[in-house]
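Colleague: Enclosed is the structure file run.tsv (TSV, C-alpha atoms).
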```
chain	number	residue	atom	x	y	z
S	324	MET	CA	3.99	-0.53	-31.72
S	325	THR	CA	1.51	-0.69	-28.83
S	326	PRO	CA	-1.25	1.82	-29.67
S	327	GLU	CA	-1.70	4.55	-27.08
S	328	ASN	CA	-5.34	3.64	-26.56
S	329	SER	CA	-4.75	-0.09	-26.09
S	330	PRO	CA	-5.98	-1.53	-22.77
S	331	LEU	CA	-2.38	-2.16	-21.71
S	332	SER	CA	-1.33	1.43	-22.47
S	333	GLN	CA	-4.33	2.69	-20.52
S	334	ILE	CA	-3.35	0.55	-17.52
S	335	VAL	CA	0.22	1.87	-17.68
S	336	SER	CA	-1.01	5.48	-17.78
S	337	PHE	CA	-3.26	4.77	-14.80
S	338	ILE	CA	-0.56	3.16	-12.67
S	339	LEU	CA	1.81	6.05	-13.37
S	340	GLU	CA	-0.96	8.50	-12.42
S	341	LEU	CA	-1.27	6.60	-9.12
S	342	ASP	CA	2.37	7.46	-8.40
S	343	LYS	CA	1.06	10.89	-7.38
S	344	LEU	CA	-0.60	9.42	-4.27
S	345	LYS	CA	2.92	8.90	-2.90
S	346	GLY	CA	3.17	12.69	-2.80
S	347	VAL	CA	-0.16	13.33	-1.00
S	348	THR	CA	0.73	13.95	2.63
S	349	ARG	CA	-1.37	13.28	5.71
S	350	LYS	CA	-1.05	14.70	9.23
S	351	ASN	CA	0.52	11.67	10.92
S	352	ARG	CA	4.25	11.07	10.84
S	353	PRO	CA	5.47	7.47	10.54
S	354	LEU	CA	6.91	6.29	13.85
S	355	GLY	CA	10.53	7.37	14.12
S	356	LEU	CA	10.46	9.51	10.95
S	357	GLU	CA	10.30	13.30	10.68
S	358	ARG	CA	8.35	13.45	7.45
S	359	PHE	CA	4.58	13.18	7.09
S	360	GLU	CA	2.94	9.94	6.08
S	361	ASN	CA	1.59	9.76	2.53
S	362	SER	CA	-1.72	8.33	1.39
S	363	ALA	CA	-0.15	5.50	-0.65
S	364	GLU	CA	1.71	3.91	2.25
S	365	HIS	CA	-1.31	4.55	4.50
S	366	SER	CA	-3.50	2.62	2.04
S	367	TRP	CA	-1.11	-0.35	2.26
S	368	GLN	CA	-1.05	-0.28	6.04
S	369	ILE	CA	-4.82	-0.25	6.46
S	370	ALA	CA	-5.20	-3.09	3.97
S	371	MET	CA	-2.87	-5.08	6.25
S	372	LEU	CA	-4.83	-3.96	9.32
S	373	ALA	CA	-8.11	-5.12	7.76
S	374	LEU	CA	-6.65	-8.53	6.93
S	375	SER	CA	-5.34	-8.82	10.49
S	376	LEU	CA	-8.61	-7.75	12.12
S	377	GLU	CA	-11.06	-9.73	10.01
S	378	ARG	CA	-12.29	-11.86	12.91
S	379	PHE	CA	-13.12	-8.71	14.90
S	380	ALA	CA	-15.41	-7.22	12.23
S	381	GLN	CA	-18.84	-6.35	13.63
S	382	ALA	CA	-20.55	-8.48	10.97
S	383	PRO	CA	-19.16	-11.18	8.65
S	384	VAL	CA	-17.47	-9.51	5.67
S	385	ASP	CA	-16.02	-10.42	2.29
S	386	ILE	CA	-12.51	-9.48	3.36
S	387	ASN	CA	-11.21	-9.33	-0.22
S	388	ARG	CA	-13.72	-6.63	-1.04
S	389	VAL	CA	-12.72	-4.75	2.13
S	390	VAL	CA	-9.06	-4.87	1.07
S	391	GLU	CA	-9.84	-3.71	-2.47
S	392	MET	CA	-11.97	-0.87	-1.10
S	393	LEU	CA	-9.15	0.28	1.16
S	394	LEU	CA	-6.63	0.13	-1.68
S	395	VAL	CA	-8.72	2.47	-3.86
S	396	HIS	CA	-10.44	4.66	-1.28
S	397	ASP	CA	-7.88	7.50	-1.16
S	398	ILE	CA	-7.14	7.72	-4.87
S	399	GLY	CA	-9.39	10.80	-5.30
S	400	GLU	CA	-6.92	12.67	-3.09
S	401	ILE	CA	-4.54	12.80	-6.05
S	402	ASP	CA	-6.58	15.81	-7.19
S	403	THR	CA	-7.85	17.13	-3.86
S	404	GLY	CA	-5.18	16.35	-1.26
S	405	ASP	CA	-5.90	14.79	2.12
S	406	THR	CA	-8.03	16.54	4.74
S	407	MET	CA	-8.04	15.64	8.41
S	408	VAL	CA	-11.28	13.99	9.54
S	409	PHE	CA	-11.70	16.74	12.14
S	410	VAL	CA	-12.04	19.47	9.50
S	411	GLN	CA	-15.81	19.91	9.02
S	412	ASP	CA	-15.88	23.05	6.88
S	413	GLY	CA	-16.48	22.39	3.23
S	414	TRP	CA	-16.95	18.65	3.75
S	415	GLU	CA	-19.57	18.24	1.01
S	416	GLU	CA	-17.61	20.25	-1.54
S	417	ARG	CA	-14.53	18.16	-0.81
S	418	LYS	CA	-16.47	14.93	-1.20
S	419	ALA	CA	-17.86	16.13	-4.54
S	420	ALA	CA	-14.36	17.04	-5.70
S	421	GLU	CA	-13.04	13.64	-4.61
S	422	LEU	CA	-15.79	11.90	-6.58
S	423	ALA	CA	-14.94	13.92	-9.68
S	424	ALA	CA	-11.29	12.96	-9.16
S	425	ALA	CA	-12.12	9.26	-8.74
S	426	ARG	CA	-14.16	9.37	-11.97
S	427	ARG	CA	-11.32	11.06	-13.82
S	428	ILE	CA	-8.62	8.67	-12.59
S	429	PHE	CA	-10.54	5.39	-12.83
S	430	GLY	CA	-11.81	6.65	-16.20
S	431	MET	CA	-8.24	6.36	-17.50
S	432	LEU	CA	-8.69	2.56	-17.39
S	433	PRO	CA	-10.59	0.24	-19.69
S	434	GLU	CA	-14.23	-0.30	-18.57
S	435	ASP	CA	-12.95	-3.48	-16.88
S	436	PRO	CA	-11.45	-2.77	-14.29
S	437	GLY	CA	-12.19	0.99	-14.20
S	438	ALA	CA	-15.91	0.67	-13.49
S	439	TYR	CA	-15.23	-1.86	-10.74
S	440	PHE	CA	-12.75	0.43	-8.96
S	441	LEU	CA	-15.26	3.30	-9.07
S	442	GLU	CA	-17.93	1.00	-7.65
S	443	LEU	CA	-15.59	0.07	-4.77
S	444	TRP	CA	-14.75	3.73	-4.18
S	445	GLU	CA	-18.43	4.71	-4.06
S	446	GLU	CA	-19.28	1.79	-1.76
S	447	PHE	CA	-16.60	2.93	0.70
S	448	GLU	CA	-17.90	6.49	0.61
S	449	ALA	CA	-21.55	5.42	1.06
S	450	GLY	CA	-20.44	3.38	4.07
S	451	THR	CA	-23.53	1.21	4.31
S	452	THR	CA	-22.55	-2.37	3.38
S	453	PRO	CA	-20.90	-4.48	6.12
S	454	GLU	CA	-17.69	-4.35	4.05
S	455	ALA	CA	-17.76	-0.55	3.82
S	456	VAL	CA	-18.61	-0.15	7.52
S	457	PHE	CA	-15.65	-2.35	8.48
S	458	ALA	CA	-13.35	-0.65	5.96
S	459	ASN	CA	-14.27	2.77	7.33
S	460	ALA	CA	-13.59	1.57	10.88
S	461	VAL	CA	-10.15	0.31	9.90
S	462	ASP	CA	-9.32	3.52	8.05
S	463	ARG	CA	-10.39	5.65	11.02
S	464	ALA	CA	-8.50	3.48	13.51
S	465	MET	CA	-5.03	3.85	12.02
S	466	PRO	CA	-4.35	7.51	13.01
S	467	PRO	CA	-5.26	6.93	16.70
S	468	LEU	CA	-3.14	3.76	16.73
S	469	LEU	CA	-0.20	5.81	15.45
S	470	ASN	CA	-0.92	8.72	17.78
S	471	LEU	CA	-1.09	6.48	20.83
S	472	ALA	CA	2.38	5.20	19.92
S	473	ASN	CA	3.65	8.66	19.06
S	474	ASP	CA	2.72	10.84	22.04
S	475	GLY	CA	-0.43	12.11	20.30
S	476	GLN	CA	1.64	13.67	17.52
S	477	SER	CA	-1.00	14.63	14.92
S	478	TRP	CA	-3.57	15.59	17.58
S	479	ARG	CA	-1.08	17.76	19.47
S	480	GLU	CA	0.22	19.41	16.31
S	481	ASN	CA	-3.31	20.24	15.18
S	482	GLY	CA	-4.86	21.10	18.53
S	483	ILE	CA	-7.37	18.23	18.51
S	484	SER	CA	-8.99	17.72	21.92
S	485	TYR	CA	-9.93	14.48	23.65
S	486	GLU	CA	-13.62	15.29	23.14
S	487	ARG	CA	-13.22	15.80	19.39
S	488	VAL	CA	-11.30	12.54	19.03
S	489	ILE	CA	-13.91	10.55	20.93
S	490	GLY	CA	-16.83	12.23	19.20
S	491	ARG	CA	-15.53	12.02	15.65
S	492	ILE	CA	-13.77	8.69	15.36
S	493	GLY	CA	-15.56	6.72	18.07
S	494	PRO	CA	-18.86	6.06	16.26
S	495	PRO	CA	-17.43	4.80	12.93
S	496	ILE	CA	-14.81	2.58	14.60
S	497	LYS	CA	-17.35	1.17	17.03
S	498	ALA	CA	-19.80	0.48	14.20
S	499	GLY	CA	-17.34	-1.59	12.19
S	500	CYS	CA	-15.04	-3.08	14.79
S	501	PRO	CA	-16.41	-2.78	18.34
S	502	ALA	CA	-13.57	-4.72	20.00
S	503	LEU	CA	-11.02	-2.35	18.49
S	504	TRP	CA	-13.00	0.64	19.73
S	505	ASP	CA	-13.09	-0.83	23.25
S	506	TYR	CA	-9.30	-1.15	23.07
S	507	LEU	CA	-8.81	2.37	21.70
S	508	ALA	CA	-11.30	4.04	24.04
S	509	GLU	CA	-9.50	2.56	27.03
S	510	ARG	CA	-6.09	3.73	25.81
S	511	ILE	CA	-7.35	7.19	24.84
S	512	GLU	CA	-9.08	7.57	28.22
S	513	GLU	CA	-5.82	6.65	29.90
S	514	GLU	CA	-4.01	9.45	28.03
S	515	GLN	CA	-6.78	11.85	28.99
S	516	ARG	CA	-6.33	10.96	32.66
S	517	LYS	CA	-2.58	11.44	32.38
S	518	GLY	CA	-3.12	14.90	30.87
S	519	TRP	CA	-3.85	14.45	27.14
S	520	PHE	CA	-0.32	13.97	25.93
S	521	GLY	CA	1.05	16.62	28.21
S	522	ALA	CA	-1.38	19.38	27.15
S	523	ASN	CA	-2.71	19.77	30.68
S	524	GLY	CA	0.21	18.16	32.49
D	966	MET	CA	-7.39	-3.31	30.87
D	967	THR	CA	-6.59	-5.12	27.63
D	968	PRO	CA	-3.91	-7.72	28.43
D	969	GLU	CA	-0.69	-7.26	26.51
D	970	ASN	CA	-0.87	-10.77	25.10
D	971	SER	CA	-4.49	-10.51	23.94
D	972	PRO	CA	-5.04	-11.12	20.20
D	973	LEU	CA	-6.00	-7.46	19.75
D	974	SER	CA	-2.85	-6.21	21.50
D	975	GLN	CA	-0.78	-8.54	19.32
D	976	ILE	CA	-2.41	-7.15	16.18
D	977	VAL	CA	-1.73	-3.58	17.33
D	978	SER	CA	1.95	-4.40	18.01
D	979	PHE	CA	2.19	-5.99	14.56
D	980	ILE	CA	0.63	-3.06	12.69
D	981	LEU	CA	2.94	-0.61	14.49
D	982	GLU	CA	5.91	-2.81	13.59
D	983	LEU	CA	4.77	-2.58	9.95
D	984	ASP	CA	5.18	1.20	10.17
D	985	LYS	CA	8.91	0.55	9.72
D	986	LEU	CA	8.36	-0.53	6.10
D	987	LYS	CA	7.59	3.15	5.37
D	988	GLY	CA	11.24	3.82	6.16
D	989	VAL	CA	12.72	1.08	3.95
D	990	THR	CA	13.91	2.82	0.80
D	991	ARG	CA	14.20	1.42	-2.70
D	992	LYS	CA	16.21	2.67	-5.67
D	993	ASN	CA	13.37	4.24	-7.66
D	994	ARG	CA	12.19	7.76	-6.97
D	995	PRO	CA	8.46	8.49	-7.26
D	996	LEU	CA	7.74	10.52	-10.41
D	997	GLY	CA	8.30	14.19	-9.72
D	998	LEU	CA	9.75	13.65	-6.23
D	999	GLU	CA	13.39	13.84	-5.15
D	1000	ARG	CA	13.21	11.24	-2.39
D	1001	PHE	CA	13.45	7.48	-2.85
D	1002	GLU	CA	10.38	5.29	-2.95
D	1003	ASN	CA	9.71	3.18	0.14
D	1004	SER	CA	8.60	-0.45	0.24
D	1005	ALA	CA	5.21	0.30	1.84
D	1006	GLU	CA	3.96	2.60	-0.92
D	1007	HIS	CA	5.50	0.25	-3.51
D	1008	SER	CA	3.47	-2.63	-2.05
D	1009	TRP	CA	0.27	-0.59	-2.45
D	1010	GLN	CA	1.08	0.33	-6.05
D	1011	ILE	CA	1.80	-3.22	-7.18
D	1012	ALA	CA	-1.41	-4.46	-5.53
D	1013	MET	CA	-3.24	-1.91	-7.69
D	1014	LEU	CA	-1.25	-2.99	-10.75
D	1015	ALA	CA	-2.16	-6.64	-10.17
D	1016	LEU	CA	-5.86	-5.79	-9.85
D	1017	SER	CA	-5.64	-3.76	-13.06
D	1018	LEU	CA	-3.76	-6.42	-15.03
D	1019	GLU	CA	-5.72	-9.51	-13.95
D	1020	ARG	CA	-7.01	-10.26	-17.42
D	1021	PHE	CA	-3.45	-10.28	-18.78
D	1022	ALA	CA	-2.17	-12.93	-16.37
D	1023	GLN	CA	-0.52	-15.82	-18.18
D	1024	ALA	CA	-2.83	-18.31	-16.46
D	1025	PRO	CA	-6.12	-17.80	-14.58
D	1026	VAL	CA	-5.36	-16.65	-11.03
D	1027	ASP	CA	-7.14	-16.12	-7.72
D	1028	ILE	CA	-6.57	-12.37	-7.82
D	1029	ASN	CA	-7.34	-11.93	-4.12
D	1030	ARG	CA	-4.50	-14.23	-3.23
D	1031	VAL	CA	-2.20	-12.35	-5.62
D	1032	VAL	CA	-3.10	-9.06	-3.93
D	1033	GLU	CA	-2.55	-10.47	-0.44
D	1034	MET	CA	0.80	-11.92	-1.52
D	1035	LEU	CA	1.92	-8.55	-2.86
D	1036	LEU	CA	0.82	-6.78	0.33
D	1037	VAL	CA	2.99	-9.06	2.51
D	1038	HIS	CA	5.90	-9.90	0.20
D	1039	ASP	CA	8.25	-7.07	1.25
D	1040	ILE	CA	7.62	-7.17	4.99
D	1041	GLY	CA	10.85	-9.10	5.65
D	1042	GLU	CA	12.72	-6.00	4.45
D	1043	ILE	CA	11.89	-4.37	7.79
D	1044	ASP	CA	14.91	-6.27	9.14
D	1045	THR	CA	17.03	-6.61	6.00
D	1046	GLY	CA	16.38	-3.52	3.88
D	1047	ASP	CA	15.66	-3.62	0.15
D	1048	THR	CA	18.20	-4.89	-2.35
D	1049	MET	CA	18.04	-4.17	-6.06
D	1050	VAL	CA	17.17	-7.22	-8.15
D	1051	PHE	CA	20.41	-6.74	-10.10
D	1052	VAL	CA	22.59	-7.39	-7.04
D	1053	GLN	CA	23.50	-11.08	-7.23
D	1054	ASP	CA	26.14	-11.31	-4.49
D	1055	GLY	CA	24.86	-12.80	-1.27
D	1056	TRP	CA	21.43	-13.57	-2.71
D	1057	GLU	CA	20.89	-16.75	-0.70
D	1058	GLU	CA	22.02	-15.21	2.58
D	1059	ARG	CA	19.66	-12.28	2.01
D	1060	LYS	CA	16.77	-14.60	1.26
D	1061	ALA	CA	17.48	-16.57	4.45
D	1062	ALA	CA	17.59	-13.34	6.46
D	1063	GLU	CA	14.31	-12.18	4.91
D	1064	LEU	CA	12.66	-15.48	5.84
D	1065	ALA	CA	13.88	-15.13	9.44
D	1066	ALA	CA	12.48	-11.60	9.45
D	1067	ALA	CA	9.12	-12.71	8.04
D	1068	ARG	CA	8.90	-15.40	10.72
D	1069	ARG	CA	9.72	-12.88	13.44
D	1070	ILE	CA	7.24	-10.26	12.26
D	1071	PHE	CA	4.31	-12.54	11.38
D	1072	GLY	CA	5.07	-14.36	14.61
D	1073	MET	CA	3.97	-11.24	16.50
D	1074	LEU	CA	0.40	-12.07	15.45
D	1075	PRO	CA	-2.02	-14.70	16.74
D	1076	GLU	CA	-1.75	-18.00	14.83
D	1077	ASP	CA	-4.68	-16.73	12.75
D	1078	PRO	CA	-3.73	-14.62	10.74
D	1079	GLY	CA	0.05	-14.91	11.37
D	1080	ALA	CA	0.47	-18.38	9.87
D	1081	TYR	CA	-1.56	-17.38	6.81
D	1082	PHE	CA	0.63	-14.32	6.13
D	1083	LEU	CA	3.77	-16.46	6.38
D	1084	GLU	CA	2.24	-18.98	3.97
D	1085	LEU	CA	1.55	-16.17	1.48
D	1086	TRP	CA	5.07	-14.81	1.92
D	1087	GLU	CA	6.61	-18.24	1.28
D	1088	GLU	CA	4.38	-18.86	-1.73
D	1089	PHE	CA	5.54	-15.59	-3.28
D	1090	GLU	CA	9.19	-16.48	-2.66
D	1091	ALA	CA	8.82	-20.01	-4.05
D	1092	GLY	CA	7.27	-18.49	-7.17
D	1093	THR	CA	5.69	-21.66	-8.50
D	1094	THR	CA	1.89	-21.31	-8.24
D	1095	PRO	CA	0.13	-19.32	-11.00
D	1096	GLU	CA	-0.65	-16.67	-8.36
D	1097	ALA	CA	2.98	-16.38	-7.29
D	1098	VAL	CA	4.23	-16.31	-10.88
D	1099	PHE	CA	1.82	-13.48	-11.71
D	1100	ALA	CA	2.61	-11.63	-8.46
D	1101	ASN	CA	6.34	-11.84	-9.18
D	1102	ALA	CA	5.79	-10.52	-12.71
D	1103	VAL	CA	3.83	-7.54	-11.40
D	1104	ASP	CA	6.45	-6.81	-8.72
D	1105	ARG	CA	9.25	-6.94	-11.29
D	1106	ALA	CA	7.36	-4.78	-13.77
D	1107	MET	CA	6.86	-1.72	-11.59
D	1108	PRO	CA	10.50	-0.45	-11.56
D	1109	PRO	CA	10.82	-0.55	-15.38
D	1110	LEU	CA	7.44	1.17	-15.74
D	1111	LEU	CA	8.70	3.96	-13.46
D	1112	ASN	CA	12.08	4.09	-15.15
D	1113	LEU	CA	10.55	4.38	-18.61
D	1114	ALA	CA	8.59	7.39	-17.33
D	1115	ASN	CA	11.59	8.80	-15.47
D	1116	ASP	CA	14.42	8.82	-18.01
D	1117	GLY	CA	15.79	5.51	-16.69
D	1118	GLN	CA	16.43	7.06	-13.26
D	1119	SER	CA	17.27	4.01	-11.10
D	1120	TRP	CA	19.11	2.23	-13.93
D	1121	ARG	CA	21.20	5.30	-14.76
D	1122	GLU	CA	21.98	6.03	-11.11
D	1123	ASN	CA	23.11	2.44	-10.54
D	1124	GLY	CA	24.84	1.80	-13.85
D	1125	ILE	CA	22.45	-0.94	-14.98
D	1126	SER	CA	22.88	-1.80	-18.66
D	1127	TYR	CA	20.24	-2.66	-21.23
D	1128	GLU	CA	21.50	-6.25	-21.30
D	1129	ARG	CA	21.18	-6.69	-17.53
D	1130	VAL	CA	17.66	-5.26	-17.55
D	1131	ILE	CA	16.51	-7.57	-20.34
D	1132	GLY	CA	18.26	-10.61	-18.88
D	1133	ARG	CA	17.16	-10.18	-15.29
D	1134	ILE	CA	13.59	-8.89	-15.42
D	1135	GLY	CA	12.49	-10.23	-18.79
D	1136	PRO	CA	12.01	-13.91	-17.87
D	1137	PRO	CA	9.90	-13.39	-14.70
D	1138	ILE	CA	7.69	-10.74	-16.27
D	1139	LYS	CA	7.19	-12.81	-19.43
D	1140	ALA	CA	6.36	-15.89	-17.36
D	1141	GLY	CA	3.56	-14.19	-15.43
D	1142	CYS	CA	2.28	-11.52	-17.77
D	1143	PRO	CA	3.50	-12.02	-21.36
D	1144	ALA	CA	1.50	-9.12	-22.82
D	1145	LEU	CA	3.09	-6.73	-20.34
D	1146	TRP	CA	6.54	-8.01	-21.24
D	1147	ASP	CA	5.83	-7.48	-24.96
D	1148	TYR	CA	4.89	-3.91	-24.11
D	1149	LEU	CA	7.95	-3.34	-21.91
D	1150	ALA	CA	10.41	-5.04	-24.25
D	1151	GLU	CA	9.30	-2.79	-27.09
D	1152	ARG	CA	9.65	0.36	-24.98
D	1153	ILE	CA	13.01	-0.70	-23.52
D	1154	GLU	CA	14.30	-1.56	-26.99
D	1155	GLU	CA	13.25	1.87	-28.16
D	1156	GLU	CA	15.30	3.51	-25.39
D	1157	GLN	CA	18.25	1.30	-26.31
D	1158	ARG	CA	18.03	2.47	-29.95
D	1159	LYS	CA	17.87	6.11	-28.81
D	1160	GLY	CA	21.01	5.60	-26.68
D	1161	TRP	CA	19.93	4.00	-23.37
D	1162	PHE	CA	18.67	7.10	-21.60
D	1163	GLY	CA	21.52	9.22	-22.90
D	1164	ALA	CA	24.34	6.90	-21.75
D	1165	ASN	CA	25.62	6.43	-25.32
D	1166	GLY	CA	23.96	9.48	-26.86
```
Can I see the file as structure tokens?
Modeller:
Amino acid sequence: MTPENSPLSQIVSFILELDKLKGVTRKNRPLGLERFENSAEHSWQIAMLALSLERFAQAPVDINRVVEMLLVHDIGEIDTGDTMVFVQDGWEERKAAELAAARRIFGMLPEDPGAYFLELWEEFEAGTTPEAVFANAVDRAMPPLLNLANDGQSWRENGISYERVIGRIGPPIKAGCPALWDYLAERIEEEQRKGWFGANG
Amino acid sequence: MTPENSPLSQIVSFILELDKLKGVTRKNRPLGLERFENSAEHSWQIAMLALSLERFAQAPVDINRVVEMLLVHDIGEIDTGDTMVFVQDGWEERKAAELAAARRIFGMLPEDPGAYFLELWEEFEAGTTPEAVFANAVDRAMPPLLNLANDGQSWRENGISYERVIGRIGPPIKAGCPALWDYLAERIEEEQRKGWFGANG
């Protein structure tokens, strides 16, 4: 009988705990679907975006570390839920709660790989290494990419203005992936001129 | 204006095409949810499982390559849909259709990284390198892990017997991650003794 505290049993408990991220909903809706996106499928998509965009990173990065960071970065939301980047109230409390959650969940694992996942999670949150700066840019870029293909869906539904979009997501995307920000800024500006997804049109 | 055939525009078209994988449903249901799992969130979960299980791989592996393989391996399903591993009819036709789909979708990208993703996809399908053998084991192991936590949900709903489970998923999991197969075989055997999730009970 496999003991309940064996490394393999711990890994199984952890991976089943991760199943809960499939039930954490975000504000975007996948293109063509009515439901909200969840944080598990989002994590997959941004890992693919990072791999695709590697050559556009602002500084040379260890792309494997970027991918691993993106795969683990939302896991704290299992306990806290997802919060839109535009919500400023209670930001520090939420970040503290997410850290406690990351410690709890990665603590289900053996020291190897649990400590490594927590290190990746903290590096993403600190956002200072070239890998973390690029990973943050990629994470921030996915909602506008979806919104631009989806008539501004999550911005319209949540009353997010052009100015808030530019002010909040511009700096981190530009810092990690300037070419992508040039692309996005141009497209977002175009929507603003046309009447911000119909809001002023 | 960013030209439509610029590398960045191609990457954006590709990542929006990938959004469709969020709508490709599998036979498992996430724990505690009524809906079916989709192939995008599944790809994230098995990447995390591979990272967690690295030390249990049958042979030493380049874990980054394993993770990348798992992130891309289901992308062909955007055109073909997911098919349960127990469905044998039309296997070769499905595999040919998935290859055509992978070529179409990765072909939306610039040569770098499109050719690399297709190489990873083909390596996973060929299943011969240590990385591909381990990646296949991890991919095959996730449904039984969910089923064992979910009263055999996808096996019960699709009339899959104990013998078919053991015969079909045992060899690939054992080949890539023998310790995980020992764990699973013991747990599956236990369910068989208790009456295969109530089927004979």
Colleague: So that I can see what lies close to segment 331-335 of chain S, please list as a PyMOL selection string the residues with an atom at most 8 Å from it, counting only C-alpha atoms and leaving out residues fewer than 6 positions away in the same chain.
Modeller: (chain S and resi 325+431-433) or (chain D and resi 1014+1017-1018+1110+1145+1148)
Colleague: Listing only residues of chain D within 6 Å of chain S, what is the closest atom pair and its distance in Å (to one decimal) for each, using all atoms listed in the file, sorted by chain and residue number ascending, as CSV?
Modeller:
```
residue,atom,partner,partner_atom,distance
D:Ala1005,CA,S:Glu364,CA,5.0
D:Glu1006,CA,S:Glu364,CA,4.1
D:Trp1009,CA,S:Trp367,CA,4.9
```
Colleague: Quote the spacing between atom CA of Arg426 of chain S and atom CA of Met407 of chain S in Å to one decimal place.
Modeller: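 Computed distance, atom CA of Arg426 of chain S to atom CA of Met407 of chain S, equals 22.2 Å.
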Colleague: Quick one: everything within 10 Å of Met392 of chain S, counting all atoms listed in the file, minus sequence neighbours fewer than 5 positions away in the same chain. Send it as a list in words.
Modeller: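 The residues that qualify are Ser366, Ala370, Ile386, Asn387, Asp397, Phe440, Leu441, Glu442, Leu443, Trp444, Glu445, Glu446, Phe447, Glu448, Glu454, Ala455, Ala458 and Asn459 of chain S.
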Colleague: With a distance cut-off of 10 Å and all atoms listed in the file, select the neighbouring residues of Pro501 of chain S, excluding the residue or stretch itself and same-chain residues fewer than 5 positions from it, and output the selection as a list of chain:residue names.
Modeller: S:Phe379, S:Ala380, S:Gln381, S:Phe457, S:Ala460, S:Gly493, S:Pro494, S:Pro495, S:Ile496, S:Tyr506, S:Leu507
Colleague: Expressed in Å to a single decimal, how great is the separation between atom CA of Ile511 of chain S and atom CA of Thr451 of chain S?
Modeller: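 Going from atom CA of Ile511 of chain S over to atom CA of Thr451 of chain S, I get 26.8 Å.
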Colleague: With 6 Å added on each side, what axis-aligned box encloses every listed atom of segment 1069-1077 of chain D? Give the centre and edge lengths in Å to one decimal, as AutoDock Vina command-line options.
Modeller:
```
--center_x 2.5 --center_y -14.1 --center_z 14.1 --size_x 26.4 --size_y 19.7 --size_z 17.4
```
Colleague: What gap, in Å, lies between atom CA of Ala1066 of chain D and atom CA of Gly1046 of chain D?
Modeller: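 So the answer is 10.6 Å.
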Colleague: Using only C-alpha atoms, which residues sit within 7 Å of Asp405 of chain S once same-chain residues fewer than 5 positions away are excluded, as a list of chain:residue names?
Modeller: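 In the requested form, the answer reads S:Val347, S:Thr348, S:Arg349, S:Glu400.
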Colleague: Please provide the set of residues having any atom within 10 Å of Gln1118 of chain D, restricted to all atoms listed in the file, with same-chain residues fewer than 6 positions apart removed, written as a ChimeraX atom specification.
Modeller: /D:992-994,996,1108-1109,1111-1112,1124,1162
Colleague: At a cut-off of 7 Å around the point (-7.4, 11.7, -6.5) (file coordinates), what residues fall inside when counting all atoms listed in the file? I'd like the answer as a list in words.
Modeller: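 The distance filter leaves exactly Asp397, Ile398, Gly399, Glu400, Ile401, Asp402, Thr403, Glu421, Ala424, Ala425 and Ile428 of chain S.
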Colleague: Could I see segment 1048-1059 of chain D restored to N, CA and C atoms, set down as a short mmCIF file (atom, residue, chain, number, x, y, z; two decimals), in the frame of the given file?
Modeller:
```cif
data_model
loop_
_atom_site.label_atom_id
_atom_site.label_comp_id
_atom_site.auth_asym_id
_atom_site.auth_seq_id
_atom_site.Cartn_x
_atom_site.Cartn_y
_atom_site.Cartn_z
N THR D 1048 17.02 -4.73 -1.49
CA THR D 1048 18.20 -4.89 -2.35
C THR D 1048 17.74 -4.94 -3.80
N MET D 1049 18.42 -4.21 -4.64
CA MET D 1049 18.04 -4.17 -6.06
C MET D 1049 18.14 -5.57 -6.65
N VAL D 1050 17.22 -5.89 -7.56
CA VAL D 1050 17.17 -7.22 -8.15
C VAL D 1050 18.45 -7.55 -8.92
N PHE D 1051 19.21 -6.51 -9.30
CA PHE D 1051 20.41 -6.74 -10.10
C PHE D 1051 21.62 -7.13 -9.25
N VAL D 1052 21.49 -7.01 -7.93
CA VAL D 1052 22.59 -7.39 -7.04
C VAL D 1052 22.54 -8.90 -6.81
N GLN D 1053 23.52 -9.62 -7.33
CA GLN D 1053 23.50 -11.08 -7.23
C GLN D 1053 24.28 -11.59 -6.01
N ASP D 1054 25.31 -10.85 -5.61
CA ASP D 1054 26.14 -11.31 -4.49
C ASP D 1054 25.32 -11.47 -3.22
N GLY D 1055 25.50 -12.59 -2.56
CA GLY D 1055 24.86 -12.80 -1.27
C GLY D 1055 23.36 -13.02 -1.35
N TRP D 1056 22.87 -13.40 -2.50
CA TRP D 1056 21.43 -13.57 -2.71
C TRP D 1056 20.82 -14.55 -1.71
N GLU D 1057 21.47 -15.72 -1.57
CA GLU D 1057 20.89 -16.75 -0.70
C GLU D 1057 20.90 -16.34 0.76
N GLU D 1058 21.98 -15.68 1.20
CA GLU D 1058 22.02 -15.21 2.58
C GLU D 1058 20.92 -14.19 2.83
N ARG D 1059 20.71 -13.29 1.85
CA ARG D 1059 19.66 -12.28 2.01
C ARG D 1059 18.29 -12.93 2.10
#
```
